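Input: a single structure, listed below in C-alpha cells.
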Amino acid sequence: MTLVITDHERAALADVAHFPLLAAITGRRSRRFPVGGQIPAGALAYTSRQPAQSLSEVERALLLSVAGGVTGWNFGITHNPSYSPSFPNYSGSATGRSFPSAAGFHTSQLFFTDDTGTYLLNNRDAPPREFDSIEQWIGQTADSYVRISDTRLQLPREEPHMEGHNLWIGNHPGSVLAFPIADLAEHLMENLWFFAANGYPIIDDINGCVIAALQGFSSLAHFDDPLPLSFVEQYTLTEASAELAIAANNGVLALQAMGLGGWTYDGLDRLSVLRGVGFAQDHDDRWPFPNVTGLPGYFETLSPPHVSSIAAGVEKLVARKFALGGPFHPDTGGPWSDTPKVRGSALPPDGIQELVTAEACYIYDTFGKLPGTVPTVHVLMYLQAQHLDTEFYDAFFAPGAYLPTHADHQTRWHTGC
C-alpha cells in the first residue's frame, strides 16, 4: 500500500525520533485499558466513556517497522578458526531486520490483524533500500503488507482459546495485534547445518538409536561426540522463541515513544491463533497435539506437504543461502567494501547438504514430522497496541501511571488529521 503521511503526522514522527531509549525502557509498563474498554467487575471495574479507536495507517506502519522492519544488510558471522579463511555459511538471509536472529537464520515472519483485516509483513528476504527518513522506512514496511483476510482474526472469548485474564481485552476492537511466527522445520535444518559445518552429527537419544545413514560421515571432526537430538530440537525452539520475544518487545518500547497503550503477552492459544489465520495442520496418534505445518501460499515451511520431500526442503534451504539474493552468492548486494569477495569466500555446501538431508530425513521418517519433538510452526509472543484511556488511569492510579506521550497522544497524532 502507498502510505500517505500528513504534515501533522510528520511532526509526530519527528517527536518519536527524539524520544530517549532509556525513557522507553524505564517507562515501559503493560497498559491494558483502551478507549472503548470495559472491566465489568472488581476493584478496577470501569467502562470507558470513549469509543474504540483504531490506529492510523501511519501509527500502524511505524509500530510494525520497529517490530519487524528491514533495517539494512545482515553482517553475517565474521570468523570461525575451524575453517578459516572460509567465511561461515550459517546465515539464512542477507537481509537484516529490526530484531536479531540466531546466526542470522531469520526463519520468522510477522503477522498482524486489526479491524481492517489480517496480514503478513512479507519482508524476510526483501533487499534493503536506502532511506533517509523514518517516513521512507515505514513506507517500505507498508509496501510489504500482504492481506490474508479482510476481517480481524477471530478468536473465541473463552478458555482455552484465551487465558482467563485476557478475555476482556485480548485482540480488542480498535487494537493492532502483531505476532511473529517461526518455521521450526527451517530453523532445525539451519541448526543441523550449523553443527554439521562445525563437525558435529546428531544421535537419536530419544529412541536410543545411532542414525545408520550417518556412518558415511565418519571424517567429521566430532563424529565420535554427536549431539543429542533432544538438545538440538530444544535449542531450536528456544532460539526461535527468543527471536519472537525480542521482536515483540521492540514494539512495546515503541509504544512508549508513540504514546500508545498495549503490552506483549503469550496468553493466546497457539493452535487457536494459527487455525484462525488459516494454517494447515496434521494429526497423528503419536503426537499430543495437532502439528501445524504452514499457510499455503503465504508461509510454506520446509516440511511436507509444502515441499515434496525433506530432501526438496533442504534443497530450498541451500538455494535460499547460495542462490542469487542469498547471503552467499557473490552478486548479492551487501555492506562490505568488497561484498563479492566476502560472500564468495563462504564455506561451500559440499557435504553439509548431504549430512543435513540424512539427519532431517531420519527425524521425519521416525517421528512423522519435522522437527520430531516440537511443533513445525511456532508462535509465542503477541504485541497488542491500542489507544489508551487515560481517564481510567486517572481514576484508579496515582500520578505517573502513564507518560507525557500518552497524555499528549491525541493532540500530537490526531488533531487536524
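In the C-alpha cells, the first chain shown is A, the next is B, and so on; residue numbers restart at 1 for each chain, and ligands run from 1 in the order shown.
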
Which residues, written as a VMD selection string, have at least one atom at most 7 Å from Asn291 of chain A, with only C-alpha atoms counted and residues fewer than 3 positions away on the same chain left out?
-> chain A and resid 281 to 283 375 to 376

Please dump the current selection as a JSON list (two decimals), in the first residue's frame; keep C-alpha atoms.
[["chain", "number", "residue", "atom", "x", "y", "z"],
["A", 281, "GLN", "CA", -2.36, -28.95, 10.39],
["A", 282, "ASP", "CA", -1.72, -32.68, 10.52],
["A", 283, "HIS", "CA", -2.82, -35.28, 13.08],
["A", 375, "PRO", "CA", 5.97, -28.02, 16.54],
["A", 376, "THR", "CA", 6.79, -27.31, 12.90]]

Hey, what's within 10 Å of Gly261 of chain A if we count only C-alpha atoms and toss same-chain stuff fewer than 2 positions away? As a list of chain:residue names, please?
->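 Residues meeting the cut-off are A:Arg29, A:Ser30, A:Arg31, A:Arg32, A:Phe33, A:Pro34, A:Val35, A:Ser175, A:Val252, A:Leu255, A:Gln256, A:Met258, A:Gly259, A:Trp263, A:Gln384, A:Ala385, A:Gln386, A:His387, A:Leu388, A:Asp389, A:Thr390, A:Tyr402, A:His406.
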
Test item: residues at most 8 Å from segment 237-239 of chain A, only C-alpha atoms, excluding those fewer than 2 positions along its chain, as a ChimeraX atom specification | /A:101-102,184,233-235,241-243,374

Find the residues near Gly170 of chain A: any atom within 10 Å, counting only C-alpha atoms, skip ones fewer than 3 places away on the same chain, and give them as a ChimeraX atom specification.
-> /A:32,155,157,162-167,173,175,177,265,267-268,382,384

Set out as a tab-separated table a contact list for segment 325-350 of chain A and segment 192-197 of chain A with a cut-off of 12 Å, giving each residue of segment 325-350 of chain A that qualifies its closest atom pair and distance in Å to one decimal, counting only C-alpha atoms, ordered by chain and rising residue number.
residue	atom	partner	partner_atom	distance
A:Ala346	CA	A:Ala197	CA	11.4
A:Leu347	CA	A:Ala197	CA	8.4
A:Pro348	CA	A:Ala197	CA	9.7
A:Pro349	CA	A:Ala197	CA	8.7
A:Asp350	CA	A:Ala197	CA	10.0

Could you write those residues out with N, CA and C atoms, as a short mmCIF file (atom, residue, chain, number, x, y, z; two decimals), in the first residue's frame?
data_model
loop_
_atom_site.label_atom_id
_atom_site.label_comp_id
_atom_site.auth_asym_id
_atom_site.auth_seq_id
_atom_site.Cartn_x
_atom_site.Cartn_y
_atom_site.Cartn_z
N ALA A 346 32.55 -17.84 1.24
CA ALA A 346 31.83 -18.67 2.22
C ALA A 346 32.18 -20.15 2.05
N LEU A 347 32.17 -20.86 3.17
CA LEU A 347 32.34 -22.30 3.13
C LEU A 347 31.26 -22.91 2.23
N PRO A 348 31.64 -23.67 1.21
CA PRO A 348 30.63 -24.22 0.28
C PRO A 348 29.76 -25.27 0.95
N PRO A 349 28.61 -25.58 0.35
CA PRO A 349 27.69 -26.54 0.96
C PRO A 349 28.09 -27.99 0.75
N ASP A 350 29.17 -28.24 0.04
CA ASP A 350 29.56 -29.61 -0.28
C ASP A 350 29.66 -30.47 0.98
#

Which residue out of A:Asn74, A:Tyr393, A:Arg147, A:His414 has the minimum interatomic distance to Tyr46 of chain A when only C-alpha atoms are used?
->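 Looking at the shortest contact to Tyr46 of chain A, the residue is A:Tyr393.
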
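In this structure, atom CA of Leu302 of chain A sits 7.7 Å away from atom CA of Asp183 of chain A.
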
Would you list the contacts of Ser84 of chain A as a list in words, taking every protein, DNA or RNA residue within 12 Å and counting only C-alpha atoms, but skipping same-chain residues closer than 3 positions in sequence?
->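 In the requested format, the answer is Thr78, His79, Asn80, Pro81, Phe87, Pro88, Asn89, Asn198, Ser345, Ala346 and Leu347 of chain A.
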
Could you work out how far atom CA of Gly92 of chain A lies from atom CA of Gly104 of chain A, giving the answer in Å with one decimal?
->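 Between atom CA of Gly104 of chain A and atom CA of Gly92 of chain A the gap works out to 5.9 Å.
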
Considering only C-alpha atoms, return as a ChimeraX atom specification whatever protein or nucleic-acid residues lie within 10 Å of Phe396 of chain A, sequence-local ones (same chain, fewer than 3 positions apart) excluded.
-> /A:43-46,391-393,399,401

For N, CA and C atoms, I'd like the residues from the last selection saved as a short mmCIF file (atom, residue, chain, number, x, y, z; two decimals), in the first residue's frame.
data_model
loop_
_atom_site.label_atom_id
_atom_site.label_comp_id
_atom_site.auth_asym_id
_atom_site.auth_seq_id
_atom_site.Cartn_x
_atom_site.Cartn_y
_atom_site.Cartn_z
N ALA A 43 -12.39 -4.47 41.86
CA ALA A 43 -11.92 -3.19 42.40
C ALA A 43 -11.61 -2.18 41.32
N LEU A 44 -11.30 -2.65 40.10
CA LEU A 44 -10.96 -1.76 38.99
C LEU A 44 -12.08 -1.72 37.93
N ALA A 45 -13.30 -2.06 38.33
CA ALA A 45 -14.42 -2.03 37.38
C ALA A 45 -14.56 -0.63 36.79
N TYR A 46 -14.71 -0.60 35.46
CA TYR A 46 -14.76 0.70 34.79
C TYR A 46 -15.24 0.49 33.36
N GLU A 391 -8.35 8.36 31.25
CA GLU A 391 -9.31 8.61 32.33
C GLU A 391 -9.37 7.43 33.30
N PHE A 392 -9.23 6.22 32.78
CA PHE A 392 -9.20 5.05 33.66
C PHE A 392 -8.03 5.14 34.63
N TYR A 393 -6.87 5.50 34.11
CA TYR A 393 -5.68 5.57 34.95
C TYR A 393 -5.77 6.74 35.93
N PRO A 399 -0.58 9.55 40.29
CA PRO A 399 0.04 10.25 39.15
C PRO A 399 1.30 9.54 38.67
N ALA A 401 1.12 7.14 36.15
CA ALA A 401 0.78 5.82 35.62
C ALA A 401 0.95 5.76 34.11
#

Assign secondary structure with DSSP using the backbone only, and return the residues of segment 16-197 of chain A in alpha helix (DSSP H) as an NGL selection string.
-> :A and (16-17 or 21-26 or 57-68 or 134-143 or 184-197)

Nearest to Ala12 of chain A, chosen from A:Ser218, A:Gly276, A:Ala257, A:Pro85, with only C-alpha atoms counted in the distances = A:Ala257

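Rounded to one decimal, atom CA of Tyr119 of chain A and atom CA of Ile5 of chain A lie 20.8 Å from each other.
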
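The closest residue to Ala245 of chain A, picked from A:Ser108, A:Asn207, A:Ser309, A:Thr118 and counting only C-alpha atoms, is A:Ser108.
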
Strand (DSSP E) positions in segment 188-337 of chain A, given as a list in words =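 Written out, the strand (DSSP E) residues of segment 188-337 of chain A are Ile202, Ile203, Leu227, Pro228, Gly261, Gly262, Trp263, Thr264, Tyr265, Ala280, Gln281, Asp282, Asn291, Val292, Thr293, Gly294, Leu295, Phe299 and Glu300 of chain A.
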
Export of the given selection (N, CA, C and O atoms) as a PDB file, in the first residue's frame:
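Contents of out-v7.pdb, as written:
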ATOM      1  N   ILE A 202      24.402 -35.740  14.763  1.00  0.00           N
ATOM      2  CA  ILE A 202      23.472 -35.917  15.882  1.00  0.00           C
ATOM      3  C   ILE A 202      23.252 -37.399  16.138  1.00  0.00           C
ATOM      4  O   ILE A 202      23.582 -38.248  15.298  1.00  0.00           O
ATOM      5  N   ILE A 203      22.709 -37.697  17.297  1.00  0.00           N
ATOM      6  CA  ILE A 203      22.328 -39.057  17.665  1.00  0.00           C
ATOM      7  C   ILE A 203      20.914 -39.013  18.223  1.00  0.00           C
ATOM      8  O   ILE A 203      20.525 -38.026  18.868  1.00  0.00           O
ATOM      9  N   LEU A 227      25.818 -34.823  18.949  1.00  0.00           N
ATOM     10  CA  LEU A 227      24.909 -34.037  19.782  1.00  0.00           C
ATOM     11  C   LEU A 227      23.560 -34.743  19.887  1.00  0.00           C
ATOM     12  O   LEU A 227      23.028 -35.241  18.891  1.00  0.00           O
ATOM     13  N   PRO A 228      22.970 -34.806  21.075  1.00  0.00           N
ATOM     14  CA  PRO A 228      21.656 -35.450  21.218  1.00  0.00           C
ATOM     15  C   PRO A 228      20.581 -34.701  20.436  1.00  0.00           C
ATOM     16  O   PRO A 228      20.535 -33.466  20.452  1.00  0.00           O
ATOM     17  N   GLY A 261      -1.142   2.752  24.245  1.00  0.00           N
ATOM     18  CA  GLY A 261      -1.237   1.696  25.226  1.00  0.00           C
ATOM     19  C   GLY A 261      -0.959   0.349  24.590  1.00  0.00           C
ATOM     20  O   GLY A 261      -0.853   0.224  23.361  1.00  0.00           O
ATOM     21  N   GLY A 262      -0.851  -0.661  25.440  1.00  0.00           N
ATOM     22  CA  GLY A 262      -0.633  -2.011  24.938  1.00  0.00           C
ATOM     23  C   GLY A 262       0.398  -2.744  25.760  1.00  0.00           C
ATOM     24  O   GLY A 262       0.917  -2.234  26.755  1.00  0.00           O
ATOM     25  N   TRP A 263       0.731  -3.945  25.324  1.00  0.00           N
ATOM     26  CA  TRP A 263       1.683  -4.785  26.046  1.00  0.00           C
ATOM     27  C   TRP A 263       2.006  -5.998  25.196  1.00  0.00           C
ATOM     28  O   TRP A 263       1.444  -6.199  24.110  1.00  0.00           O
ATOM     29  N   THR A 264       2.929  -6.814  25.650  1.00  0.00           N
ATOM     30  CA  THR A 264       3.264  -8.066  24.980  1.00  0.00           C
ATOM     31  C   THR A 264       2.924  -9.219  25.908  1.00  0.00           C
ATOM     32  O   THR A 264       3.143  -9.146  27.120  1.00  0.00           O
ATOM     33  N   TYR A 265       2.377 -10.308  25.344  1.00  0.00           N
ATOM     34  CA  TYR A 265       1.896 -11.412  26.175  1.00  0.00           C
ATOM     35  C   TYR A 265       1.869 -12.702  25.368  1.00  0.00           C
ATOM     36  O   TYR A 265       2.004 -12.688  24.139  1.00  0.00           O
ATOM     37  N   ALA A 280      -2.581 -24.795   7.955  1.00  0.00           N
ATOM     38  CA  ALA A 280      -2.919 -26.212   7.824  1.00  0.00           C
ATOM     39  C   ALA A 280      -2.273 -27.004   8.951  1.00  0.00           C
ATOM     40  O   ALA A 280      -1.222 -26.630   9.477  1.00  0.00           O
ATOM     41  N   GLN A 281      -2.893 -28.123   9.318  1.00  0.00           N
ATOM     42  CA  GLN A 281      -2.355 -28.947  10.392  1.00  0.00           C
ATOM     43  C   GLN A 281      -2.547 -30.418  10.075  1.00  0.00           C
ATOM     44  O   GLN A 281      -3.446 -30.803   9.336  1.00  0.00           O
ATOM     45  N   ASP A 282      -1.661 -31.229  10.652  1.00  0.00           N
ATOM     46  CA  ASP A 282      -1.718 -32.681  10.522  1.00  0.00           C
ATOM     47  C   ASP A 282      -2.029 -33.297  11.878  1.00  0.00           C
ATOM     48  O   ASP A 282      -1.820 -32.673  12.927  1.00  0.00           O
ATOM     49  N   ASN A 291      -0.182 -30.976  14.613  1.00  0.00           N
ATOM     50  CA  ASN A 291       1.039 -30.292  14.196  1.00  0.00           C
ATOM     51  C   ASN A 291       0.727 -29.365  13.024  1.00  0.00           C
ATOM     52  O   ASN A 291       0.315 -29.812  11.952  1.00  0.00           O
ATOM     53  N   VAL A 292       0.895 -28.070  13.238  1.00  0.00           N
ATOM     54  CA  VAL A 292       0.656 -27.079  12.190  1.00  0.00           C
ATOM     55  C   VAL A 292       1.871 -27.043  11.275  1.00  0.00           C
ATOM     56  O   VAL A 292       3.011 -26.964  11.740  1.00  0.00           O
ATOM     57  N   THR A 293       1.625 -27.114   9.960  1.00  0.00           N
ATOM     58  CA  THR A 293       2.735 -27.218   9.009  1.00  0.00           C
ATOM     59  C   THR A 293       2.967 -25.969   8.168  1.00  0.00           C
ATOM     60  O   THR A 293       4.053 -25.796   7.620  1.00  0.00           O
ATOM     61  N   GLY A 294       1.970 -25.086   8.032  1.00  0.00           N
ATOM     62  CA  GLY A 294       2.184 -23.887   7.227  1.00  0.00           C
ATOM     63  C   GLY A 294       0.878 -23.311   6.722  1.00  0.00           C
ATOM     64  O   GLY A 294      -0.196 -23.883   6.924  1.00  0.00           O
ATOM     65  N   LEU A 295       1.010 -22.162   6.083  1.00  0.00           N
ATOM     66  CA  LEU A 295      -0.133 -21.461   5.499  1.00  0.00           C
ATOM     67  C   LEU A 295       0.070 -21.429   3.990  1.00  0.00           C
ATOM     68  O   LEU A 295       0.896 -20.662   3.485  1.00  0.00           O
ATOM     69  N   PHE A 299       2.955 -18.810   3.956  1.00  0.00           N
ATOM     70  CA  PHE A 299       4.002 -19.198   4.899  1.00  0.00           C
ATOM     71  C   PHE A 299       4.173 -20.703   4.775  1.00  0.00           C
ATOM     72  O   PHE A 299       3.566 -21.475   5.514  1.00  0.00           O
ATOM     73  N   GLU A 300       4.937 -21.116   3.786  1.00  0.00           N
ATOM     74  CA  GLU A 300       5.114 -22.529   3.496  1.00  0.00           C
ATOM     75  C   GLU A 300       6.444 -22.986   4.069  1.00  0.00           C
ATOM     76  O   GLU A 300       7.502 -22.523   3.650  1.00  0.00           O
TER      77      GLU A 300
END
